[in-house]
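work.txt, holding compact mmCIF, C-alpha atoms and all ligand atoms:
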# COMPACT_ATOMS: atom_id res chain seq x y z
CA MET A 193 32.48 -5.52 15.91
CA MET A 194 30.44 -6.74 12.94
CA GLU A 195 28.45 -4.12 11.11
CA LYS A 196 24.68 -4.47 11.49
CA SER A 197 22.90 -5.54 8.29
CA LEU A 198 20.08 -3.41 6.94
CA THR A 199 17.71 -6.24 7.90
CA GLU A 200 18.90 -6.20 11.51
CA GLU A 201 18.61 -2.42 11.58
CA ASN A 202 15.10 -2.64 10.18
CA ASN A 203 14.07 -5.27 12.74
CA GLN A 204 15.46 -3.23 15.63
CA GLU A 205 13.77 -0.12 14.31
CA ASN A 206 10.50 -2.03 13.96
CA SER A 207 10.51 -3.06 17.63
CA GLU A 208 11.06 0.59 18.56
CA LEU A 209 8.19 1.48 16.28
CA LEU A 210 5.79 -0.78 18.22
CA LYS A 211 6.13 1.52 21.21
CA TYR A 212 5.49 4.84 19.48
CA ARG A 213 3.25 4.43 16.44
CA PRO A 214 -0.01 6.39 16.63
CA ILE A 215 -2.41 4.06 14.68
CA ARG A 216 -1.83 0.47 15.70
CA SER A 217 -2.92 -0.82 12.29
CA PHE A 218 -0.56 -3.80 12.33
CA VAL A 219 0.82 -6.45 14.64
CA LEU A 220 4.47 -7.19 14.09
CA ARG A 221 4.59 -10.95 13.81
CA GLN A 222 8.15 -12.15 13.59
CA GLY A 223 7.23 -14.73 10.94
CA ARG A 224 9.74 -17.19 9.56
CA LEU A 225 11.94 -16.11 6.72
CA THR A 226 12.53 -18.63 3.96
CA VAL A 227 16.09 -19.00 2.73
CA GLY A 228 15.09 -17.28 -0.51
CA GLN A 229 13.52 -14.34 1.32
CA ALA A 230 16.57 -13.96 3.59
CA ARG A 231 18.86 -13.98 0.56
CA ALA A 232 16.63 -11.49 -1.26
CA LEU A 233 16.70 -9.18 1.79
CA GLU A 234 20.48 -9.36 1.94
CA ASN A 235 20.97 -8.74 -1.80
CA GLY A 236 17.91 -6.67 -2.63
CA LEU A 237 17.67 -4.18 0.24
CA PRO A 238 20.86 -2.32 -0.72
CA LYS A 239 19.61 -2.07 -4.34
CA PHE A 240 15.85 -1.57 -3.98
CA GLY A 241 15.33 -0.75 -0.31
CA ILE A 242 15.04 2.78 0.97
CA GLN A 243 15.93 3.32 4.60
CA TYR A 244 13.30 5.19 6.60
CA THR A 245 14.54 8.63 7.63
CA VAL A 246 12.91 11.84 8.79
CA LYS A 247 13.87 13.53 5.54
CA THR A 248 11.88 14.08 2.37
CA LEU A 249 12.50 11.70 -0.48
CA ASN A 250 13.15 12.87 -4.01
CA LEU A 251 11.18 10.25 -5.95
CA SER A 252 12.69 11.26 -9.29
CA THR A 253 16.18 10.61 -7.93
CA VAL A 254 15.11 7.36 -6.28
CA PHE A 255 13.80 5.90 -9.54
CA ASN A 256 16.31 7.76 -11.66
CA ARG A 257 13.72 9.01 -14.14
CA GLY A 258 11.90 12.29 -13.66
CA GLU A 259 8.73 12.16 -15.71
CA SER A 260 7.29 8.74 -14.82
CA LYS A 261 4.20 8.54 -12.65
CA LYS A 262 4.71 7.49 -9.05
CA ILE A 263 2.37 5.02 -7.37
CA LEU A 264 2.51 4.24 -3.65
CA GLU A 265 1.36 0.80 -2.47
CA ILE A 266 0.56 0.54 1.22
CA GLY A 267 0.82 -2.83 3.00
CA PHE A 268 1.85 -4.96 0.01
CA GLY A 269 1.90 -8.20 2.05
CA MET A 270 3.94 -10.75 0.07
CA GLY A 271 4.19 -8.36 -2.89
CA GLU A 272 2.37 -10.59 -5.38
CA ALA A 273 0.13 -7.82 -6.71
CA THR A 274 2.89 -5.20 -6.57
CA ALA A 275 5.25 -7.26 -8.70
CA HIS A 276 2.53 -8.22 -11.16
CA ILE A 277 1.36 -4.63 -11.63
CA ALA A 278 4.93 -3.28 -11.91
CA GLN A 279 5.82 -5.93 -14.49
CA HIS A 280 2.82 -5.01 -16.63
CA ALA A 281 3.29 -1.25 -16.28
CA PRO A 282 7.02 -0.64 -16.80
CA GLU A 283 6.30 3.02 -17.57
CA LEU A 284 5.18 3.60 -13.95
CA ASP A 285 7.26 3.65 -10.76
CA PHE A 286 6.04 1.86 -7.62
CA LEU A 287 7.01 2.58 -4.04
CA GLY A 288 5.88 -0.23 -1.72
CA VAL A 289 5.65 0.27 2.03
CA GLU A 290 5.27 -2.73 4.34
CA VAL A 291 6.31 -3.54 7.92
CA HIS A 292 6.39 -7.32 7.74
CA THR A 293 9.93 -8.64 7.11
CA PRO A 294 9.03 -11.89 5.25
CA GLY A 295 6.78 -9.82 2.96
CA VAL A 296 9.59 -7.39 2.21
CA GLY A 297 11.85 -10.37 1.48
CA ALA A 298 9.19 -11.93 -0.75
CA LEU A 299 8.77 -8.77 -2.83
CA LEU A 300 12.54 -8.29 -3.15
CA LYS A 301 12.74 -11.88 -4.37
CA LEU A 302 10.09 -11.18 -7.03
CA ILE A 303 11.88 -7.97 -8.06
CA GLU A 304 15.00 -10.03 -8.67
CA GLU A 305 13.24 -12.94 -10.41
CA LEU A 306 11.28 -10.65 -12.74
CA SER A 307 14.21 -8.20 -13.22
CA LEU A 308 11.99 -5.30 -12.22
CA THR A 309 13.61 -1.87 -12.19
CA ASN A 310 10.54 0.19 -11.32
CA VAL A 311 9.91 -0.91 -7.71
CA ARG A 312 11.40 0.43 -4.48
CA VAL A 313 10.61 -0.73 -0.96
CA ILE A 314 10.47 0.92 2.45
CA GLN A 315 10.05 -1.27 5.53
CA HIS A 316 8.32 1.03 7.96
CA ASP A 317 4.97 2.31 9.23
CA VAL A 318 3.38 4.10 6.29
CA VAL A 319 1.93 6.85 8.50
CA GLU A 320 5.45 7.96 9.40
CA VAL A 321 6.66 7.48 5.84
CA LEU A 322 3.89 9.75 4.57
CA ASN A 323 4.43 12.33 7.28
CA ASN A 324 8.19 12.52 6.97
CA MET A 325 9.34 11.28 3.57
CA ILE A 326 6.70 11.91 0.93
CA VAL A 327 6.52 15.38 -0.58
CA ASP A 328 3.07 17.01 -0.80
CA SER A 329 1.27 16.60 -4.17
CA SER A 330 3.88 14.15 -5.44
CA LEU A 331 1.90 10.91 -5.93
CA ASP A 332 -0.08 9.90 -9.02
CA GLY A 333 -1.81 6.99 -7.32
CA VAL A 334 -2.15 5.04 -4.07
CA HIS A 335 -3.00 1.34 -3.84
CA ILE A 336 -4.29 -0.20 -0.61
CA PHE A 337 -5.25 -3.79 -1.30
CA PHE A 338 -6.99 -5.81 1.41
CA PRO A 339 -5.96 -3.72 4.41
CA ASP A 340 -6.47 -5.59 7.71
CA PRO A 341 -10.21 -5.24 8.43
CA TRP A 342 -9.85 -5.50 12.22
CA HIS A 343 -13.22 -7.26 12.47
CA LYS A 344 -14.04 -6.73 16.14
CA LYS A 345 -15.72 -3.46 17.02
CA ARG A 346 -13.26 -2.72 19.82
CA HIS A 347 -10.45 -2.98 17.24
CA HIS A 348 -11.97 -0.61 14.69
CA LYS A 349 -9.70 2.16 15.95
CA ARG A 350 -6.81 0.09 14.57
CA ARG A 351 -8.12 0.26 11.03
CA LEU A 352 -5.68 2.02 8.73
CA ILE A 353 -8.40 3.84 6.83
CA GLN A 354 -9.53 6.64 9.14
CA ALA A 355 -10.61 10.18 8.21
CA GLU A 356 -7.33 11.70 9.41
CA PHE A 357 -5.24 9.17 7.48
CA VAL A 358 -7.24 9.87 4.31
CA LYS A 359 -6.60 13.61 4.76
CA LEU A 360 -2.89 12.84 4.99
CA LEU A 361 -3.11 10.76 1.80
CA CYS A 362 -4.95 13.58 0.02
CA SER A 363 -2.15 16.01 0.86
CA LYS A 364 0.32 13.69 -0.90
CA LEU A 365 -1.80 13.03 -4.01
CA LYS A 366 -1.58 15.32 -7.04
CA VAL A 367 -4.84 16.83 -8.23
CA GLY A 368 -6.34 14.20 -10.56
CA ALA A 369 -4.43 11.34 -8.91
CA TYR A 370 -6.32 8.28 -7.67
CA LEU A 371 -6.78 6.33 -4.45
CA HIS A 372 -7.70 2.67 -4.92
CA VAL A 373 -8.78 0.54 -1.95
CA ALA A 374 -9.92 -3.08 -2.28
CA THR A 375 -11.40 -5.18 0.50
CA ASP A 376 -13.26 -8.47 0.87
CA TRP A 377 -14.96 -7.49 4.12
CA GLN A 378 -18.31 -5.85 3.43
CA GLU A 379 -18.55 -3.89 6.66
CA TYR A 380 -15.03 -2.50 6.08
CA ALA A 381 -16.00 -1.62 2.48
CA GLU A 382 -18.91 0.40 3.86
CA TRP A 383 -16.64 2.01 6.48
CA VAL A 384 -14.07 2.98 3.81
CA LEU A 385 -16.79 4.23 1.46
CA GLN A 386 -18.23 6.49 4.17
CA ILE A 387 -14.82 7.97 5.02
CA LEU A 388 -13.83 8.54 1.38
CA GLN A 389 -17.24 10.04 0.54
CA ASP A 390 -16.99 12.41 3.50
CA GLU A 391 -13.61 13.71 2.35
CA PRO A 392 -14.30 16.85 0.27
CA LEU A 393 -11.04 16.46 -1.66
CA LEU A 394 -12.09 13.10 -3.10
CA LYS A 395 -14.57 12.20 -5.81
CA ASN A 396 -15.94 8.70 -6.37
CA THR A 397 -15.13 7.47 -9.91
CA ALA A 398 -17.99 4.94 -9.70
CA LEU A 399 -20.47 7.79 -9.57
CA ASN A 400 -18.96 9.70 -12.51
CA ASN A 401 -21.11 7.90 -14.99
CA GLU A 402 -24.73 9.04 -14.71
CA ILE A 403 -26.18 5.98 -16.44
CA LYS A 404 -24.39 3.67 -14.05
CA CYS A 405 -25.44 5.83 -11.14
CA ASN A 406 -29.10 5.77 -12.15
CA SER A 407 -29.34 2.16 -13.20
CA THR A 408 -27.15 0.02 -10.98
CA ASN A 409 -26.54 2.82 -8.48
CA THR A 410 -23.42 1.27 -7.03
CA PRO A 411 -20.82 3.39 -5.28
CA TYR A 412 -18.22 0.63 -5.82
CA ALA A 413 -15.95 0.52 -8.87
CA GLU A 414 -15.48 -2.37 -11.25
CA LYS A 415 -12.19 -4.13 -10.53
CA PRO A 416 -9.59 -2.13 -12.50
CA ALA A 417 -7.84 -4.43 -14.98
CA TYR A 418 -4.40 -3.71 -13.49
CA ARG A 419 -5.27 -5.30 -10.13
CA PRO A 420 -4.53 -9.03 -10.40
CA LEU A 421 -6.49 -11.68 -8.56
CA THR A 422 -4.22 -12.92 -5.79
CA LYS A 423 -4.25 -16.53 -4.56
CA PHE A 424 -6.00 -15.35 -1.42
CA GLU A 425 -8.69 -13.52 -3.39
CA ASN A 426 -9.19 -16.43 -5.77
CA ARG A 427 -9.73 -18.74 -2.81
CA GLY A 428 -12.32 -16.31 -1.40
CA ILE A 429 -14.15 -15.99 -4.71
CA LYS A 430 -14.40 -19.79 -4.94
CA LEU A 431 -16.04 -19.73 -1.50
CA GLY A 432 -18.53 -17.18 -2.78
CA HIS A 433 -16.95 -14.13 -1.10
CA CYS A 434 -17.19 -10.72 -2.76
CA VAL A 435 -14.55 -8.06 -3.23
CA TRP A 436 -15.26 -4.34 -3.21
CA ASP A 437 -13.03 -1.91 -5.13
CA LEU A 438 -13.20 1.78 -4.29
CA VAL A 439 -11.51 4.20 -6.68
CA PHE A 440 -11.58 7.89 -5.83
CA ILE A 441 -9.93 10.85 -7.55
CA ARG A 442 -8.22 13.73 -5.76
CA CYS A 443 -10.03 16.95 -6.72
CA ALA A 444 -8.75 20.51 -6.68
CA VAL A 445 -9.35 22.40 -3.42
C1 LIG A 501 -4.17 -8.12 5.15
S1 LIG A 501 -2.59 -7.72 4.59
C2 LIG A 501 -2.84 -7.48 2.84
C3 LIG A 501 -1.58 -7.67 2.07
C4 LIG A 501 -1.68 -7.47 0.55
N1 LIG A 501 -1.99 -6.11 0.22
C5 LIG A 501 -2.63 -8.43 -0.10
O1 LIG A 501 -3.54 -7.98 -0.80
O2 LIG A 501 -2.46 -9.64 0.07
C6 LIG A 501 -2.33 -6.04 5.15
C7 LIG A 501 -0.86 -5.66 5.17
O3 LIG A 501 -0.73 -4.30 5.55
C8 LIG A 501 0.43 -4.15 6.34
N2 LIG A 501 0.27 -2.93 7.15
C9 LIG A 501 -0.70 -2.69 8.05
N3 LIG A 501 -0.55 -1.48 8.60
C10 LIG A 501 0.56 -0.93 8.03
C11 LIG A 501 1.25 0.29 8.19
N4 LIG A 501 0.81 1.20 9.06
N5 LIG A 501 2.35 0.52 7.46
C12 LIG A 501 2.80 -0.42 6.57
N6 LIG A 501 2.20 -1.61 6.37
C13 LIG A 501 1.09 -1.86 7.10
C14 LIG A 501 0.47 -5.43 7.17
O4 LIG A 501 1.77 -5.74 7.64
C15 LIG A 501 -0.04 -6.46 6.16
O5 LIG A 501 1.01 -7.09 5.47
Can the structure in the file be given as structure tokens, please?
Ligand SMILES: C[S@@+](CC[C@H](N)C(=O)[O-])C[C@H]1O[C@@H](n2cnc3c(N)ncnc32)[C@H](O)[C@@H]1O
Amino acid sequence: MMEKSLTEENNQENSELLKYRPIRSFVLRQGRLTVGQARALENGLPKFGIQYTVKTLNLSTVFNRGESKKILEIGFGMGEATAHIAQHAPELDFLGVEVHTPGVGALLKLIEELSLTNVRVIQHDVVEVLNNMIVDSSLDGVHIFFPDPWHKKRHHKRRLIQAEFVKLLCSKLKVGAYLHVATDWQEYAEWVLQILQDEPLLKNTALNNEIKCNSTNTPYAEKPAYRPLTKFENRGIKLGHCVWDLVFIRCAV
């Protein structure tokens, strides 16, 4: 019998996942794989993919360098921003978690094209990855760019950013580490802001500066320079849409 490829294993595991996952923050669309993505999955997964297991991950071993800072990106989509940021910050290590197979293929393709050595990928539900693989107080940063806003009220329970999820994230962040969320949906920005503000372990960087607080009084951060404008965001900006960045720091207990 032929051995199952990692991709096949991942796909099978993902259908299992649909039945059991607690927050239904994503819909697993099969999506068509381009030839390039399929090839990148075949070649790249063994090199840069980490299989989901119920066992903690030693991030220093995974990236083969102990001292570098470790950034987790949740729901990287097609990996455009991930690859760009990793390319411009070779001193940092990036762990990307995404469920969508074409997206995983797309990021693996970029890793290969740009010869990136500081990116690793897990194709799985991030809630389970955080619960079972990520050691407490081990992350220096978390990026969540344009999480699905789940516009309809009856779908709000599917939003990834919930108080309990943020508590889980806090347990994995080092003291002084950051959580960066960006969204182009105002009502979701307000929802995220409320949840992050209500979390006692987080402090809003936008309110650090008293002058800013008193004059413009905005709880949203300026877009950090490391976050590139994606094609999707550029299109939105041309249509007059706004983007809200929220950057919070993990405080000591
Ligand atoms: C709207 S897309 C944004 C993609 C990308 N960050 C961007 O800025 O273009 C949200 C992504 O989050 C992924 N996602 C949603 N819930 C997830 C979860 N629980 N674990 C891993 N990925 C998830 C989805 O598959 C989707 O690709």
Show me which residues line ligand LIG 501 (chain A), defined as having an atom within 10 Å of a ligand atom where all atoms listed in the file count, and present them as a compact mmCIF listing (two decimals) with C-alpha atoms, in the frame of the given file.
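Output saved as out-v9.txt:
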# COMPACT_ATOMS: atom_id res chain seq x y z
CA ARG A 213 3.25 4.43 16.44
CA PRO A 214 -0.01 6.39 16.63
CA ILE A 215 -2.41 4.06 14.68
CA ARG A 216 -1.83 0.47 15.70
CA SER A 217 -2.92 -0.82 12.29
CA PHE A 218 -0.56 -3.80 12.33
CA VAL A 219 0.82 -6.45 14.64
CA LEU A 220 4.47 -7.19 14.09
CA ARG A 221 4.59 -10.95 13.81
CA GLU A 265 1.36 0.80 -2.47
CA ILE A 266 0.56 0.54 1.22
CA GLY A 267 0.82 -2.83 3.00
CA PHE A 268 1.85 -4.96 0.01
CA GLY A 269 1.90 -8.20 2.05
CA MET A 270 3.94 -10.75 0.07
CA GLY A 271 4.19 -8.36 -2.89
CA GLU A 272 2.37 -10.59 -5.38
CA ALA A 273 0.13 -7.82 -6.71
CA THR A 274 2.89 -5.20 -6.57
CA GLY A 288 5.88 -0.23 -1.72
CA VAL A 289 5.65 0.27 2.03
CA GLU A 290 5.27 -2.73 4.34
CA VAL A 291 6.31 -3.54 7.92
CA HIS A 292 6.39 -7.32 7.74
CA THR A 293 9.93 -8.64 7.11
CA PRO A 294 9.03 -11.89 5.25
CA GLY A 295 6.78 -9.82 2.96
CA VAL A 296 9.59 -7.39 2.21
CA ILE A 314 10.47 0.92 2.45
CA GLN A 315 10.05 -1.27 5.53
CA HIS A 316 8.32 1.03 7.96
CA ASP A 317 4.97 2.31 9.23
CA VAL A 318 3.38 4.10 6.29
CA VAL A 319 1.93 6.85 8.50
CA GLU A 320 5.45 7.96 9.40
CA VAL A 321 6.66 7.48 5.84
CA LEU A 322 3.89 9.75 4.57
CA HIS A 335 -3.00 1.34 -3.84
CA ILE A 336 -4.29 -0.20 -0.61
CA PHE A 337 -5.25 -3.79 -1.30
CA PHE A 338 -6.99 -5.81 1.41
CA PRO A 339 -5.96 -3.72 4.41
CA ASP A 340 -6.47 -5.59 7.71
CA PRO A 341 -10.21 -5.24 8.43
CA TRP A 342 -9.85 -5.50 12.22
CA ARG A 350 -6.81 0.09 14.57
CA ARG A 351 -8.12 0.26 11.03
CA LEU A 352 -5.68 2.02 8.73
CA ILE A 353 -8.40 3.84 6.83
CA VAL A 373 -8.78 0.54 -1.95
CA ALA A 374 -9.92 -3.08 -2.28
CA THR A 375 -11.40 -5.18 0.50
CA ASP A 376 -13.26 -8.47 0.87
CA ARG A 419 -5.27 -5.30 -10.13
CA PRO A 420 -4.53 -9.03 -10.40
CA LEU A 421 -6.49 -11.68 -8.56
CA THR A 422 -4.22 -12.92 -5.79
CA LYS A 423 -4.25 -16.53 -4.56
CA PHE A 424 -6.00 -15.35 -1.42
CA GLU A 425 -8.69 -13.52 -3.39
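The interatomic distance for the pair CA of Lys395 (chain A) and CA of Met325 (chain A) works out to 25.7 Å.
When CA of Arg427 (chain A) is paired with CA of Tyr412 (chain A), their separation reads 21.4 Å.
Going from CA of Lys301 (chain A) to CA of Asp332 (chain A) covers 25.7 Å.
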Report task. Fewer than 5 positions away in the same chain doesn't count, so skip those; otherwise give me all residues within 9 Å of Leu287 (chain A), counting all atoms listed in the file, as number ranges by chain. Result -> A: 251, 262-266, 310-314
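Nearest residue to Ala398 (chain A) among A:Phe440, A:Phe255, A:Trp383, A:Phe240 is A:Phe440, counting only C-alpha atoms.
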Query raised in the report: Can you list, as a ChimeraX atom specification, every protein, DNA or RNA residue that comes within 7 Å of Ala413 (chain A) when you count all atoms listed in the file, leaving out same-chain residues fewer than 2 positions away?
Result: /A:398,411,415,437-439
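Distance annotation: of A:Asn396, A:Gln378, A:Asn324, A:Thr226, the residue with the minimal separation from Leu249 (chain A) is A:Asn324; atom set is all atoms listed in the file.
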